[in-house]
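File shown here: final_36.cif, holding mmCIF, C-alpha atoms.
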data_run
loop_
_atom_site.label_atom_id
_atom_site.label_comp_id
_atom_site.auth_asym_id
_atom_site.auth_seq_id
_atom_site.Cartn_x
_atom_site.Cartn_y
_atom_site.Cartn_z
CA MET A 1 92.33 71.64 55.54
CA ARG A 2 93.48 75.12 54.58
CA ALA A 3 96.21 75.00 57.21
CA LEU A 4 97.44 71.67 55.85
CA VAL A 5 97.50 72.98 52.27
CA LEU A 6 99.40 76.10 53.35
CA ARG A 7 101.84 73.92 55.32
CA GLU A 8 102.41 71.73 52.29
CA LEU A 9 102.97 74.72 50.04
CA ARG A 10 105.47 76.27 52.48
CA LEU A 11 107.37 73.01 52.86
CA ALA A 12 107.46 72.39 49.12
CA LEU A 13 108.67 75.91 48.39
CA ARG A 14 111.34 75.62 51.09
CA ALA A 15 112.57 72.25 49.84
CA GLY A 16 112.54 73.44 46.23
CA GLY A 17 112.75 71.41 43.07
CA GLY A 18 109.09 70.39 42.80
CA GLY A 19 107.13 72.89 40.75
CA GLY A 20 110.10 74.69 39.25
CA LEU A 21 111.70 71.45 38.11
CA ALA A 22 108.44 70.28 36.55
CA LEU A 23 107.99 73.58 34.72
CA ALA A 24 111.59 73.55 33.49
CA PHE A 25 111.20 69.97 32.25
CA PHE A 26 107.94 70.90 30.50
CA ALA A 27 109.59 73.87 28.77
CA LEU A 28 112.65 71.86 27.74
CA VAL A 29 110.58 69.08 26.20
CA MET A 30 108.55 71.61 24.24
CA ALA A 31 111.72 73.41 23.13
CA ILE A 32 113.48 70.29 21.84
CA ALA A 33 110.46 68.46 20.39
CA PRO A 34 110.47 70.54 17.17
CA LEU A 35 114.16 69.70 16.72
CA GLY A 36 113.41 65.97 16.66
CA ILE A 37 110.11 66.05 14.80
CA GLY A 38 110.60 68.88 12.34
CA SER A 39 109.81 72.55 12.40
CA GLY A 40 107.03 72.73 9.83
CA ALA A 41 103.60 73.87 10.94
CA GLU A 42 101.97 71.02 9.00
CA VAL A 43 103.91 68.54 11.15
CA LEU A 44 103.92 70.26 14.54
CA ARG A 45 100.41 71.71 14.75
CA PRO A 46 98.53 68.37 14.70
CA LEU A 47 100.98 66.89 17.22
CA GLY A 48 100.99 69.92 19.51
CA PRO A 49 98.13 69.08 21.90
CA GLY A 50 99.31 65.51 22.36
CA LEU A 51 102.93 66.51 22.94
CA LEU A 52 101.91 69.21 25.42
CA TRP A 53 99.80 66.69 27.32
CA ILE A 54 102.54 64.03 27.33
CA ALA A 55 105.12 66.55 28.54
CA ALA A 56 102.75 67.75 31.27
CA LEU A 57 102.09 64.17 32.40
CA LEU A 58 105.79 63.38 32.62
CA ALA A 59 106.50 66.69 34.36
CA CYS A 60 103.87 65.87 36.99
CA LEU A 61 105.55 62.52 37.61
CA LEU A 62 108.85 64.21 38.50
CA SER A 63 107.69 65.53 41.85
CA LEU A 64 105.35 62.73 42.94
CA GLU A 65 107.94 60.80 44.93
CA ARG A 66 108.34 63.66 47.40
CA MET A 67 104.64 63.83 48.18
CA PHE A 68 104.83 61.41 51.14
CA ALA A 69 108.42 60.17 51.32
CA ARG A 70 109.78 63.14 53.29
CA ASP A 71 107.04 62.90 55.92
CA PHE A 72 107.41 59.14 56.12
CA ALA A 73 111.13 59.49 56.80
CA ASP A 74 110.81 62.06 59.60
CA GLY A 75 107.75 60.53 61.28
CA THR A 76 105.28 63.29 60.39
CA LEU A 77 103.11 60.80 58.55
CA ASP A 78 102.63 58.82 61.77
CA LEU A 79 101.50 61.99 63.55
CA LEU A 80 99.08 62.83 60.74
CA ALA A 81 97.71 59.28 60.85
CA SER A 82 96.92 59.64 64.57
CA ALA A 83 95.53 63.19 64.23
CA PRO A 84 91.78 63.83 64.39
CA VAL A 85 91.86 64.72 60.68
CA PRO A 86 90.78 61.88 58.33
CA LEU A 87 93.61 60.46 56.23
CA GLU A 88 91.56 61.06 53.10
CA SER A 89 91.70 64.80 53.75
CA VAL A 90 95.47 64.63 54.31
CA VAL A 91 95.87 62.93 50.93
CA LEU A 92 93.52 65.46 49.33
CA THR A 93 95.55 68.36 50.74
CA ARG A 94 98.77 66.80 49.47
CA ALA A 95 97.25 66.36 46.03
CA THR A 96 95.93 69.93 46.10
CA ALA A 97 99.35 71.32 47.04
CA HIS A 98 100.97 69.19 44.33
CA TRP A 99 98.51 70.50 41.77
CA LEU A 100 99.01 74.12 42.83
CA LEU A 101 102.79 73.75 42.50
CA THR A 102 102.94 71.65 39.33
CA GLY A 103 99.65 71.22 37.46
CA ALA A 104 98.44 74.82 37.54
CA PRO A 105 101.76 76.33 36.38
CA LEU A 106 101.99 73.77 33.58
CA ALA A 107 98.49 74.63 32.40
CA LEU A 108 99.25 78.35 32.50
CA ALA A 109 102.49 77.85 30.54
CA ALA A 110 100.82 75.72 27.86
CA PRO A 111 99.61 78.59 25.60
CA VAL A 112 103.07 80.16 25.61
CA LEU A 113 104.88 76.88 24.94
CA GLY A 114 102.24 75.89 22.40
CA VAL A 115 103.64 78.58 20.13
CA LEU A 116 106.75 76.39 19.79
CA MET A 117 104.44 73.70 18.40
CA GLN A 118 102.97 76.20 15.88
CA LEU A 119 99.71 76.49 17.85
CA THR A 120 97.89 79.80 17.93
CA VAL A 121 97.16 81.44 21.26
CA SER A 122 93.53 80.31 21.08
CA ASP A 123 94.67 76.75 20.32
CA GLY A 124 96.97 76.94 23.32
CA GLY A 125 94.00 78.14 25.33
CA TRP A 126 92.18 74.89 24.59
CA VAL A 127 95.20 72.91 25.74
CA ALA A 128 95.45 75.05 28.88
CA LEU A 129 91.77 74.52 29.65
CA THR A 130 92.06 70.76 29.31
CA LEU A 131 95.24 70.75 31.42
CA LEU A 132 93.47 72.79 34.12
CA LEU A 133 90.73 70.17 34.15
CA GLY A 134 92.98 67.12 33.82
CA THR A 135 96.03 67.84 35.97
CA PRO A 136 94.07 67.60 39.26
CA ALA A 137 93.29 64.01 38.28
CA LEU A 138 96.99 63.42 37.61
CA SER A 139 97.82 64.76 41.09
CA LEU A 140 95.17 62.57 42.75
CA ILE A 141 96.28 59.45 40.89
CA GLY A 142 99.87 60.34 41.69
CA ALA A 143 99.00 60.68 45.38
CA PHE A 144 97.73 57.12 45.31
CA GLY A 145 101.00 55.87 43.82
CA ALA A 146 103.14 58.04 46.11
CA ALA A 147 101.32 56.71 49.17
CA LEU A 148 101.91 53.13 48.04
CA THR A 149 105.64 53.68 47.52
CA ALA A 150 106.38 56.06 50.44
CA GLY A 151 108.05 53.44 52.61
CA LEU A 152 110.11 51.87 49.85
CA GLY A 153 113.76 52.79 49.54
CA ARG A 154 113.62 52.99 45.76
CA GLY A 155 109.97 53.97 45.40
CA GLY A 156 110.82 56.48 42.70
CA LEU A 157 111.55 53.64 40.30
CA LEU A 158 108.29 51.84 40.98
CA LEU A 159 106.09 54.93 41.10
CA PRO A 160 105.91 55.60 37.32
CA VAL A 161 105.17 51.93 36.67
CA LEU A 162 102.20 52.13 39.05
CA VAL A 163 100.91 55.54 38.05
CA LEU A 164 101.32 55.71 34.25
CA PRO A 165 98.73 53.04 33.35
CA MET A 166 96.13 54.80 35.51
CA THR A 167 96.81 58.18 33.87
CA VAL A 168 96.32 56.98 30.29
CA PRO A 169 92.54 57.69 30.25
CA VAL A 170 93.18 61.25 31.48
CA LEU A 171 95.77 61.68 28.73
CA ILE A 172 93.46 60.29 26.05
CA PHE A 173 90.43 62.38 26.98
CA GLY A 174 92.47 65.54 27.66
CA THR A 175 94.22 65.34 24.31
CA GLU A 176 90.98 64.55 22.49
CA ALA A 177 89.14 67.47 24.14
CA ALA A 178 91.96 69.86 23.19
CA ARG A 179 92.05 68.53 19.62
CA ARG A 180 88.28 68.83 19.23
CA GLY A 181 88.33 72.38 20.61
CA ILE A 182 91.14 73.40 18.26
CA GLU A 183 89.37 71.92 15.23
CA GLY A 184 86.13 73.71 16.11
CA GLN A 185 84.25 70.58 17.04
CA GLY A 186 82.43 70.36 20.35
CA PRO A 187 84.90 69.27 23.05
CA THR A 188 82.07 68.32 25.42
CA PRO A 189 82.12 64.53 24.79
CA ALA A 190 85.82 64.28 25.68
CA LEU A 191 85.50 66.67 28.60
#

Using the file provided, produce a representation of the structure as structure tokens.
Amino acid sequence: MRALVLRELRLALRAGGGGGLALAFFALVMAIAPLGIGSGAEVLRPLGPGLLWIAALLACLLSLERMFARDFADGTLDLLASAPVPLESVVLTRATAHWLLTGAPLALAAPVLGVLMQLTVSDGGWVALTLLLGTPALSLIGAFGAALTAGLGRGGLLLPVLVLPMTVPVLIFGTEAARRGIEGQGPTPAL
């Protein structure tokens, strides 16, 4: 399993565009959101956790198509299917590598980018905590959708349609847990 995760990380870093593109998209959305909504703290602060979560969800979607499509095209997926390793562990390693390259950096960037939404550093910490807990689920759900669309020529168009409805509960509970933590309520029910 560790060898497969390391292989996935090396391949993703060589190919480029996955984690860096997601992080850049996340930062751009957070930078331009105050321009469209307004720059007042009374407007931005209540919307901050939700906007950070929505931007993280959309940023995770950017790199999902590459999760299996490259290996399907070059035949590596066929070799992995006939290997003595269960396919479930292959999917789990892909989701783990995706999370390490996209979800974890997004969660770590959330407190810094939360300042653009007038959140304090401790408020951003709550958002980061919920993103650290929620983005692995986004990667696993995304792996399901990426596996379904790997053999399709235009799977990137169908992938968000398949994945977004399944990620809505993660978005709802993640945003609610961050909001409850920021307001000093117990975030445990949403977590």

Q.
Report as a ChimeraX atom specification all protein, DNA and RNA residues lying within 10 Å of Pro187 in chain A, evaluated on only C-alpha atoms, omitting residues in the same chain fewer than 2 positions from it.
A. /A:126,130,173-174,176-185,189-191

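Evaluated against the shown file, the PyMOL selection byres ((chain A and resi 141) around 10) gives Leu64, Ala95, Thr135, Pro136, Ala137, Leu138, Ser139, Leu140, Gly142, Ala143, Phe144, Gly145, Ala146, Leu162, Val163, Leu164, Met166 and Thr167 of chain A.
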
Could you dump the residues just selected with C-alpha atoms as a compact mmCIF listing (two decimals), in the coordinates of the input?
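Okay, this is what ended up in out02.txt:
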# COMPACT_ATOMS: atom_id res chain seq x y z
CA LEU A 64 105.35 62.73 42.94
CA ALA A 95 97.25 66.36 46.03
CA THR A 135 96.03 67.84 35.97
CA PRO A 136 94.07 67.60 39.26
CA ALA A 137 93.29 64.01 38.28
CA LEU A 138 96.99 63.42 37.61
CA SER A 139 97.82 64.76 41.09
CA LEU A 140 95.17 62.57 42.75
CA GLY A 142 99.87 60.34 41.69
CA ALA A 143 99.00 60.68 45.38
CA PHE A 144 97.73 57.12 45.31
CA GLY A 145 101.00 55.87 43.82
CA ALA A 146 103.14 58.04 46.11
CA LEU A 162 102.20 52.13 39.05
CA VAL A 163 100.91 55.54 38.05
CA LEU A 164 101.32 55.71 34.25
CA MET A 166 96.13 54.80 35.51
CA THR A 167 96.81 58.18 33.87

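Of the listed residues (A:Leu133, A:Leu100, A:Val112, A:Ile37), A:Leu100 comes nearest to Glu8 in chain A; the distances count only C-alpha atoms.
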
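Put simply, the PyMOL selection byres ((chain A and resi 127) around 8) on this file hits Pro49, Leu52, Trp53, Ala107, Ala110, Pro111, Asp123, Gly124, Gly125, Trp126, Ala128, Leu129, Thr130, Leu131, Thr175 and Ala178 of chain A.
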
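CA of Ala81 in chain A to CA of Gly134 in chain A spans 28.5 Å [interatomic distance, one decimal].
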
Q: For the structure shown, which residues end up in the PyMOL selection byres ((chain A and resi 68) around 10)? Put them as a list in words, please?
A: Leu64, Glu65, Arg66, Met67, Ala69, Arg70, Asp71, Phe72, Ala73, Thr76, Leu77, Val91, Arg94, Ala143, Gly145, Ala146, Ala147, Leu148, Thr149, Ala150 and Gly151 of chain A

**Q.** Distance of CA of Gly48 in chain A from CA of Ser63 in chain A, expressed in Å to one decimal place
**A.** 23.7 Å

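The interatomic distance for the pair CA of Ala59 in chain A and CA of Val43 in chain A works out to 23.4 Å.
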
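Candidate residues A:Pro165, A:Pro105, A:Gly20, A:Pro34 were compared for distance to Met117 in chain A, and the nearest is A:Pro34, using all atoms listed in the file.
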
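Comparing A:Gly114, A:Gly153, A:Pro160, A:Pro169 by their smallest distance to Val29 in chain A, the closest is A:Gly114 (using all atoms listed in the file).
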
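Closest approach to Ala41 in chain A from the set A:Ala3, A:Leu119, A:Ala56, A:Val85 is made by A:Leu119, with distances taken over all atoms listed in the file.
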
Q) Restricting the calculation to all atoms listed in the file, which member of A:Leu116, A:Leu152, A:Met30, A:Ala22 is positioned closest to Gly103 in chain A? A) A:Ala22

Test item: write range 95-170 of chain A with C-alpha atoms as a short mmCIF file (atom, residue, chain, number, x, y, z; two decimals), in the first residue's frame:
data_model
loop_
_atom_site.label_atom_id
_atom_site.label_comp_id
_atom_site.auth_asym_id
_atom_site.auth_seq_id
_atom_site.Cartn_x
_atom_site.Cartn_y
_atom_site.Cartn_z
CA ALA A 95 -7.86 8.53 -2.82
CA THR A 96 -5.10 8.88 -0.21
CA ALA A 97 -2.68 10.33 -2.76
CA HIS A 98 -5.40 12.69 -4.01
CA TRP A 99 -6.08 13.85 -0.48
CA LEU A 100 -2.39 14.36 0.29
CA LEU A 101 -1.98 16.48 -2.85
CA THR A 102 -5.23 18.44 -2.71
CA GLY A 103 -7.26 18.10 0.48
CA ALA A 104 -4.46 18.50 3.02
CA PRO A 105 -2.95 21.62 1.37
CA LEU A 106 -6.41 23.19 1.11
CA ALA A 107 -7.05 22.57 4.79
CA LEU A 108 -3.67 24.02 5.74
CA ALA A 109 -4.28 27.11 3.59
CA ALA A 110 -7.75 27.74 5.03
CA PRO A 111 -6.68 29.78 8.10
CA VAL A 112 -4.54 32.05 5.94
CA LEU A 113 -7.21 32.53 3.28
CA GLY A 114 -9.88 32.88 5.95
CA VAL A 115 -8.35 36.25 6.81
CA LEU A 116 -9.64 37.46 3.43
CA MET A 117 -13.12 36.55 4.67
CA GLN A 118 -12.56 38.56 7.90
CA LEU A 119 -12.13 35.38 9.97
CA THR A 120 -9.72 35.38 12.88
CA VAL A 121 -6.90 32.85 12.96
CA SER A 122 -8.80 30.75 15.52
CA ASP A 123 -11.91 30.87 13.31
CA GLY A 124 -9.78 29.73 10.39
CA GLY A 125 -8.50 26.94 12.62
CA TRP A 126 -12.03 25.60 12.97
CA VAL A 127 -12.46 25.65 9.21
CA ALA A 128 -9.08 23.93 8.77
CA LEU A 129 -10.04 21.24 11.28
CA THR A 130 -13.31 20.51 9.53
CA LEU A 131 -11.57 20.48 6.14
CA LEU A 132 -8.97 18.03 7.48
CA LEU A 133 -11.82 15.77 8.58
CA GLY A 134 -14.04 16.28 5.53
CA THR A 135 -11.68 16.37 2.54
CA PRO A 136 -10.78 12.66 2.83
CA ALA A 137 -14.46 11.93 2.28
CA LEU A 138 -14.42 14.21 -0.77
CA SER A 139 -11.43 12.28 -2.16
CA LEU A 140 -13.12 8.91 -1.55
CA ILE A 141 -16.39 10.02 -3.12
CA GLY A 142 -14.41 11.51 -5.98
CA ALA A 143 -12.57 8.22 -6.49
CA PHE A 144 -15.92 6.54 -6.96
CA GLY A 145 -16.92 9.04 -9.64
CA ALA A 146 -13.49 8.99 -11.30
CA ALA A 147 -13.58 5.20 -11.51
CA LEU A 148 -17.02 5.31 -13.14
CA THR A 149 -15.93 7.83 -15.77
CA ALA A 150 -12.35 6.61 -16.42
CA GLY A 151 -13.14 4.96 -19.74
CA LEU A 152 -15.30 7.75 -21.09
CA GLY A 153 -13.81 10.17 -23.57
CA ARG A 154 -15.48 13.18 -21.98
CA GLY A 155 -15.68 11.87 -18.42
CA GLY A 156 -14.64 15.23 -17.02
CA LEU A 157 -18.02 16.66 -17.98
CA LEU A 158 -19.99 13.87 -16.33
CA LEU A 159 -17.82 13.58 -13.22
CA PRO A 160 -19.10 16.69 -11.39
CA VAL A 161 -22.70 15.71 -12.14
CA LEU A 162 -22.09 12.33 -10.49
CA VAL A 163 -19.97 13.50 -7.58
CA LEU A 164 -21.54 16.79 -6.44
CA PRO A 165 -24.84 15.35 -5.14
CA MET A 166 -22.93 12.81 -3.04
CA THR A 167 -20.69 15.50 -1.52
CA VAL A 168 -23.52 17.74 -0.32
CA PRO A 169 -23.82 16.02 3.11
CA VAL A 170 -20.07 16.46 3.68
#
